[in-house]
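The structure under discussion appears below in the form of structure tokens.
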Protein chains: 2
Amino acid sequence: MITQENIKVTAYKSDGFIGKYQKLIRDTVIPYQYSVLCDEAPDTEKSHVVKNFENAAKALHGEDVGDGFYGMVFQDSDAAKWIEAAAYSLALYPDEQLSATVDELIDKIAAAQDEDGYLDTYFTIKDREKRWQNLLEGHELYCSGHMMEAACAYYEATGKKKLLDVMEKNAEHIYKHFITEHNEGVPGHPEIELALMKMYRTTGNKKWLLLAEHFINKRGEDPHFYEKEAAKRDWSVWGNNPTSHDYQQSGKPVRAQSDATGHAVRAVYLYTGMAQLSAKCGDNALYDACKRLWESITRRRMYVTGGIGSTVIGEAFSVDYDLPPDTAYAETCASIGLMFFANAMLKNELIGEYADVMETAFYNTVLGGMQLDGKRFFYVNPLEVVPGISGVSPTHRHDLPVRPKWYACACCPPNAARLITSFGCYAYGENSDMGFCHLYADGEVKFENGMELICRTDYPYDMTVNYSVVKGGRLAVRIPGWSDTFTLVQNGEKLDIKQINGYVILAVKDGDEVQLTLSDTPHFVYPSVKIPAVSGMAAIRRGPLVYCFEDADNGNVLSLALKRGGKITVCEPDTDNPDGITRLKVEAVRFEDNNKPYSFDEPKTTDTPAVAVPYYTWGNRGENAMRVFMPLY
Amino acid sequence: MITQENIKVTAYKSDGFIGKYQKLIRDTVIPYQYSVLCDEAPDTEKSHVVKNFENAAKALHGEDVGDGFYGMVFQDSDAAKWIEAAAYSLALYPDEQLSATVDELIDKIAAAQDEDGYLDTYFTIKDREKRWQNLLEGHELYCSGHMMEAACAYYEATGKKKLLDVMEKNAEHIYKHFITEHNEGVPGHPEIELALMKMYRTTGNKKWLLLAEHFINKRGEDPHFYEKEAAKRDWSVWGNNPTSHDYQQSGKPVRAQSDATGHAVRAVYLYTGMAQLSAKCGDNALYDACKRLWESITRRRMYVTGGIGSTVIGEAFSVDYDLPPDTAYAETCASIGLMFFANAMLKNELIGEYADVMETAFYNTVLGGMQLDGKRFFYVNPLEVVPGISGVSPTHRHDLPVRPKWYACACCPPNAARLITSFGCYAYGENSDMGFCHLYADGEVKFENGMELICRTDYPYDMTVNYSVVKGGRLAVRIPGWSDTFTLVQNGEKLDIKQINGYVILAVKDGDEVQLTLSDTPHFVYPSVKIPAVSGMAAIRRGPLVYCFEDADNGNVLSLALKRGGKITVCEPDTDNPDGITRLKVEAVRFEDNNKPYSFDEPKTTDTPAVAVPYYTWGNRGENAMRVFMPLY
């Protein structure tokens with residue numbers, strides 16, 4: 001087995017496609033999100049998260065809590081995710097002012113921590129007695145998990161330890177409550193499992209590994225835990241049903257689970273923790289369960305865009321092959337979680353498929369979750385919108401045709417921010433004698449093992465990737481499953497090298513130039529006939545990018561059908577293109593509408609080119625119809 | 001304007017396609033449904049409706065109410081619809097035992113009527129003080145309306161007046177409450193409007209016309225009525241939102257309404273009452289509103305099968321063109337109500353389109369709501385089911401792949417029974433000097449005006465209709481919009497006659513033979529590109545029948561695509577066919593599944609004939625996939 005760790009977040013710097021996004025996060029998203037957290041952003045849903053920490057500190061001192069708690073039960077996590085994003089950004093772009101702002105917020109968080117280590121503003125402000133009574137809905141472990149991730153990130157980025165100390169004290173409290181004192185109960189919303197794995201990596205304290213293992217092993221051991229817990233209290237947050245075992249991923253011990261079920265974000269956060277634990281401990285039974293769950297997701301319950309959790313009802317996985325494009329939920333956070341899971345699976349086995357899915361989720365659903373200007377966000381990522389229906393029809397209310405500024409439940413925007421700022425940790429990996437290139441990301445990377453690379457590429461639009469080796473060693477480079485051909489040239493010489501499980505491994509010396517050329521042919525993507533909602537249709541993909549069709553380029557998209565096997569050409573860049581976005585032109589026909597709902601007359605067609613734009617760029621030109629899957633003619 | 005009335009239910013007798021259905025209702029459905037009403041059907045949802053009447057009588061006498069009330073707030077209406085069906089059946093097939101059973105039930109209903117004429121077991125048993133406090137949810141006027149319809153039907157069929165007396169007393173009570181004493185409030189679930197129109201026709205008492213007119217004119221006059229009503233009480237049945245004005249069809253006065261909105265059954269029941277009133281009173285503003293609502297439904301909110309109310313959320317109309325095949329609601333009762341509306345529109349203007357829609361709704365959604373053996377029923381009529389998804393996925397729970405026996409909310413089965421047993425009233429109409437043939441229904445018809453016809457046809461499978469004129473007069477015969485050709489032969493001579501608005505009018509003498517031949521060519525039906533859920537697909541229709549494809553005939557239906565413009569042939573009857581059902585064979589291809597969710601490889605195809613069966617027969621051979629709209633190749 002090839003061991004592998006994430007690179008440090010400081011190890012990757014970019015001015016290319018990813019670097020531009022990272023700068024957008026730094027310049028626009030992080031300041032904007034902080035103004036939201038402080039309730040200073042105009043025309044935006046109130047957050048109150050900073051005030052919640054201030055008020056919780058007052059509550060701890062028996063002072064009047066002012067305007068009390070406001071927001072979701074998991075509101076604290078918005079601050080945590082923002083700190084994590086800010087930390088990664090500081091790692092890339094040191095900034096004293098931002099650092100001071102984070103420190104100030106950390107002071108407030110520290111002040112909101114109870115003497116015994118407990119940290120959660122909702123319960124601290126509202127009713128201290130209700131702590132740990134409602135794991136099903138209370139999100140206390142979820143919020144702790146996010147704050148642990150933030151603490152590790154900020155420590156890694158700045159060396160500052162205050163938040164990490166707070167969260168070690170919090171972890172001690174949790175350890176005491178859940179292992180020493182009670183030995184029952186698992187998080188309603190998994191997250192702390194993967195966070196504890198990060199705490200272990202950051203601090204080396206094995207206690208956090210044991211606590212992560214505890215929560216993972218405990219899950220589903222008593223399928224009726226949440227029912228018993230509910231029977232002991234006379235209150236609830238939302239009235240969630242404690243008997244929905246599959247929804248809670250708690251009906252069976254995790255090693256016996258096979259189908260990805262329930263709330264999609266919770267599921268992939270859990271599976272990520274499981275995969276990290278199996279990689280760390282070599283737990284094959286756990287990895288086998290992860291593989292089954294991976295297959296359940298990627299073979300039967302995933303959109304072509306890497307979106308998962310197809311149903312709005314419970315923000316959840318549906319049954320196999322139930323993947324409607326227009327009523328899709330496909331939460332941005334769920335695809336971010338899928339990237340976590342994929343990255344953790346790569347640490348178990350070097351299999352290109354894991355990186356393929358990670359890449360599909362990133363370049364399509366995750367990036368698509370954010371407006372190109374970084375100012376608006378999708379929570380829900382449909383594969384088809386039709387103005388007048390999407391966002392309006394009772395079954396399509398969640399499928400908005402344009403990105404809103406912020407949400408009352410604001411999990412996705414800061415989640416995207418922390419993902420993008422730490423992109424290097426997904427793109428690259430390392431062990432003592434090898435550097436791993438999972439995703440093709442322009443920039444410089446310095447491995448802990450001493451290797452150094454400079455990667456130059458216009459990926460995801462140009463499929464040529466150039467590596468200049470500054471410090472040599474062994475390099476594992478992924479060959480994506482979507483590329484039917486590849487050539488690898490080292491110092492001008494074409495290598496005759498075979499990929500194994502989607503990777504080629506080569507020795508590189510200081511000063512070597514390695515060029516990887518992947519297929520840049522656009523392809524039709526045919527969905528399985530088992531997916532009824534899109535059977536007989538096709539999508540378009542080029543490299544990692546899934547494309548879509550919008551009215552803005554095509555007039556009425558609903559009247560178009562692509563010619564079966566028609567030619568797809570890459571548009572020359574022109575002045576109409578939004579900056580740097582490569583469009584595709586596809587042979588198509590336009591149906592003439594005969595203005596009847598149903599007609600015996602075959603609609604007349606005229607040949608027309610249809611113009612496709614990358615899915616991640618959709619909805620940036622006002623409200624219009626958008627389709628990923630198109631009928632064929 | 002051509003005036004026109006329904007024929008009497010006794011005036012049409014049939015041994016053909018319709019007659020067989022009427023005998024099925026007589027022999028199977030009516031006895032079975034009565035056993036359900038009496039809680040004597042095995043393995044079936046409890047009804048308790050008869051017991052409710054018994055217990056209400058006890059409540060009126062201050063006696064112990066035993067097991068009290070059970071069921072929906074509108075449970076009484078199940079008994080009413082059953083009586084109405086039994087009455088129509090008795091009109092066709094006198095049956096002393098059935099008549100005695102109905103009389104016995106009527107005695108129980110009469111005993112449950114309060115001294116002041118009030119009749120509703122829910123409130124009589126549960127809390128007399130809550131009468132008329134909750135028009136939004138209480139369904140008292142709805143139940144009264146159904147019982148009025150039953151009373152008229154039973155009187156018309158048997159001449160027995162007891163139930164009619166009960167319901168006139170009830171109508172007096174309602175008149176007093178809603179006009180004399182309060183002059184505010186309209187039914188939450190319209191139905192009584194059309195029932196009062198029937199009471200007026202049956203009794204000639206103009207008071208019932210005025211009461212119908214009152215409820216219609218009052219509607220939407222004060223859009224906030226339900227909110228005010230809700231503010232006055234501290235209880236609700238289901239927590240319905242009183243501010244959903246569009247859902248209640250109460251946001252505007254009816255003459256100002258243009259979009260068919262809200263609960264679909266309520267909507268078409270209301271529109272039926274409106275259309276009946278406009279025809280009766282020559283109220284053009286009201287008819288104009290009916291025409292706008294008709295167009296809203298039939299041009300933009302109706303399935304190709306005549307199904308309406310596409311969304312499960314509220315059993316309601318969605319927005320324009322939101323007509324998903326797989327998550328369709330399309331309640332059987334809504335299509336029955338659409339037939340009512342269409343029939344009432346025909347009384348305003350002799351326009352074939354009204355009858356076209358009435359026919360489409362009947363031969364597809366209404367008949368499809370019932371198992372061929374009359375023993376099981378669909379409430380919801382999807383245009384696509386996929387085992388494993390339909391009935392299982394959170395968004396498809398209502399779309400069952402096989403018909404259940406009965407429902408806790410059992411509106412549809414008795415509604416279908418009363419519709420089918422009174423089919424003649426939809427097929428034929430009359431005035432003093434003309435007979436109207438709206439639908440082609442084998443059998444004998446005796447008009448009040450003295451005309452008599454014998455119609456012989458194997459319609460809906462054979463498109464030749466033979467009329468033998470027993471007693472002559474003037475005949476208005478519909479030429480359906482779906483028939484691109486027609487020939488009309490009178491006594492062996494081809495008539496050169498033009499249709500006007502979908503009808504031909506001809507003079508016929510005693511002994512004349514008139515033969516109408518319509519097109520029997522099967523056609524592809526192309527949906528408008530404005531309907532995103534099926535754009536680029538096509539359905540098949542022959543005559544009035546929409547066809548569908550099932551696994552039972554085809555293996556995996558999801559792997560089929562019809563050849564664009566492919567030949568559609570009528571299958572020769574063979575031993576495999578369920579009795580008398582004509583199948584179609586369509587040129588098609590089968591896609592080979594490459595067992596990946598998404599693939600660059602165009603799936604291999606093999607030519608294959610695809611076999612289609614009439615939509616109304618689907619789901620009669622166990623659980624399997626079914627599709628109306630198919631991809632094209």
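Chain lettering (A, B, ...) mirrors the order of the structure tokens, residue numbering begins at 1 for each chain separately, and ligand numbering begins at 1 in order of display.
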Note to self: Should the cut-off be 8 Å, what would the residue list for chain A against chain B look like, counting only C-alpha atoms, as JSON, numbers by chain?
What the structure shows: {"A": [299, 300, 304, 311, 313, 318, 319, 320, 321, 322, 386, 388, 389, 392, 393, 394, 395, 523, 524, 525, 526, 527, 528, 529, 530, 531, 532, 535, 536, 537, 558, 559, 561, 591, 593, 594, 595, 596, 597, 598, 599, 600, 601, 602, 603, 631, 632, 633]}
Notebook entry, point to check: Excluding same-chain residues fewer than 6 positions from Asn183 (chain A), what lies within 9 Å of it counting only C-alpha atoms, as a ChimeraX atom specification?
Noted result: /A:177,214,218
Based on the selection just made, write C-alpha atoms of those residues as an mmCIF file, in the first residue's frame.
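The resulting file, part12.cif, is reproduced below:
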```cif
data_model
loop_
_atom_site.group_PDB
_atom_site.id
_atom_site.type_symbol
_atom_site.label_atom_id
_atom_site.label_comp_id
_atom_site.auth_asym_id
_atom_site.auth_seq_id
_atom_site.Cartn_x
_atom_site.Cartn_y
_atom_site.Cartn_z
ATOM 1 C CA HIS A 177 -18.844 13.230 28.278
ATOM 2 C CA HIS A 214 -15.315 5.969 19.118
ATOM 3 C CA LYS A 218 -20.548 3.637 18.035
#
```
Notebook entry, point to check: Pick from A:Ser99, A:Thr124, A:Thr569, A:Asn284: nearest to Ala111 (chain A), with only C-alpha atoms counted?
Noted result: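 Using only C-alpha atoms, Ala111 (chain A) sits closest to A:Thr124.
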Next item on the list: In Å, rounded to a single decimal, give me how far CA of Ile479 (chain A) is from CA of Thr517 (chain A).
Entry: 9.7 Å
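Around Arg201 (chain B), within 12 Å and counting only C-alpha atoms, the residues found are Glu5, Asn6, Lys8, Met148, Glu149, Cys152, Ala153, Glu156, Leu194, Ala195, Lys207, Trp208, Leu209, Ala212, Gln276, Leu277 and Lys280 of chain B, once anything fewer than 6 positions away on its own chain is removed.
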Notebook entry, point to check: Skipping near chain neighbours, those fewer than 2 positions away, what residues fall within 7 Å of region 74-86 of chain A using only C-alpha atoms, listed as a list of chain:residue names?
Noted result: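 After dropping sequence-adjacent residues, the list is A:Ile30, A:Val49, A:Gly71, A:Met72, A:Tyr88, A:Ser89, A:Leu90, A:Val102, A:Thr121, A:His139, A:Cys143, A:His146, A:Met147, A:Glu149, A:Ala150, A:Ala153, A:Tyr154, A:Ala410, A:Cys411, A:Pro414, A:Asn415, A:Ala417, A:Arg418, A:Thr421.
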Note to self: Taking 4 positions as the minimum chain separation for residues in the same chain, which residues sit within 8 Å of Tyr12 (chain B) when counting only C-alpha atoms? Answer as a ChimeraX atom specification.
What the structure shows: /B:8,92,424,443-446
Deliver the residues from the most recent selection as a file, using all heavy atoms, as a compact mmCIF listing (two decimals), in the first residue's frame.
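Generated output (part-v2.txt):
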```
# COMPACT_ATOMS: atom_id res chain seq x y z
N LYS B 8 -81.67 12.32 -19.97
CA LYS B 8 -81.92 11.64 -18.69
C LYS B 8 -81.03 10.40 -18.61
O LYS B 8 -80.73 9.77 -19.63
CB LYS B 8 -83.39 11.22 -18.58
CG LYS B 8 -84.34 12.39 -18.46
CD LYS B 8 -85.44 12.07 -17.45
CE LYS B 8 -86.41 13.24 -17.29
NZ LYS B 8 -85.85 14.34 -16.49
N LEU B 92 -80.41 2.10 -15.02
CA LEU B 92 -80.10 1.25 -16.17
C LEU B 92 -80.56 -0.18 -15.95
O LEU B 92 -81.07 -0.83 -16.85
CB LEU B 92 -78.58 1.24 -16.42
CG LEU B 92 -77.90 2.60 -16.61
CD1 LEU B 92 -76.38 2.43 -16.71
CD2 LEU B 92 -78.44 3.28 -17.88
N GLY B 424 -74.10 8.15 -20.37
CA GLY B 424 -75.00 8.66 -21.41
C GLY B 424 -75.19 10.17 -21.33
O GLY B 424 -75.34 10.84 -22.37
N GLY B 443 -75.01 1.79 -28.20
CA GLY B 443 -76.20 1.61 -27.36
C GLY B 443 -77.41 2.31 -27.95
O GLY B 443 -77.36 2.88 -29.04
N GLU B 444 -78.49 2.23 -27.20
CA GLU B 444 -79.74 2.86 -27.63
C GLU B 444 -79.95 4.12 -26.81
O GLU B 444 -79.72 4.11 -25.61
CB GLU B 444 -80.92 1.91 -27.38
CG GLU B 444 -80.81 0.62 -28.18
CD GLU B 444 -81.78 -0.43 -27.66
OE1 GLU B 444 -82.87 -0.07 -27.17
OE2 GLU B 444 -81.42 -1.63 -27.75
N VAL B 445 -80.43 5.16 -27.49
CA VAL B 445 -80.69 6.39 -26.76
C VAL B 445 -82.07 6.93 -27.16
O VAL B 445 -82.41 6.99 -28.34
CB VAL B 445 -79.56 7.43 -26.98
CG1 VAL B 445 -79.34 7.71 -28.45
CG2 VAL B 445 -79.83 8.72 -26.23
N LYS B 446 -82.85 7.25 -26.14
CA LYS B 446 -84.19 7.80 -26.38
C LYS B 446 -84.24 9.21 -25.80
O LYS B 446 -84.19 9.40 -24.58
CB LYS B 446 -85.25 6.94 -25.68
CG LYS B 446 -85.39 5.55 -26.28
CD LYS B 446 -86.50 4.76 -25.63
CE LYS B 446 -86.52 3.35 -26.20
NZ LYS B 446 -87.52 2.48 -25.61
```
Next item on the list: Quick one: everything within 12 Å of region 511-513 of chain B, counting only C-alpha atoms, minus sequence neighbours fewer than 6 positions away in the same chain. Send it as a PyMOL selection string.
Entry: chain B and resi 451-456+465-475+488-494
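You can rank B:Ala334, B:Ala625, B:Val186, B:Ile297 by their closest distance to Glu137 (chain B) using only C-alpha atoms, and at the top of that list sits B:Val186.
Checking A:Thr332, A:Asn343, A:Ser14, A:Thr3 one by one against Phe378 (chain A), counting only C-alpha atoms, you find the shortest gap at A:Thr332.
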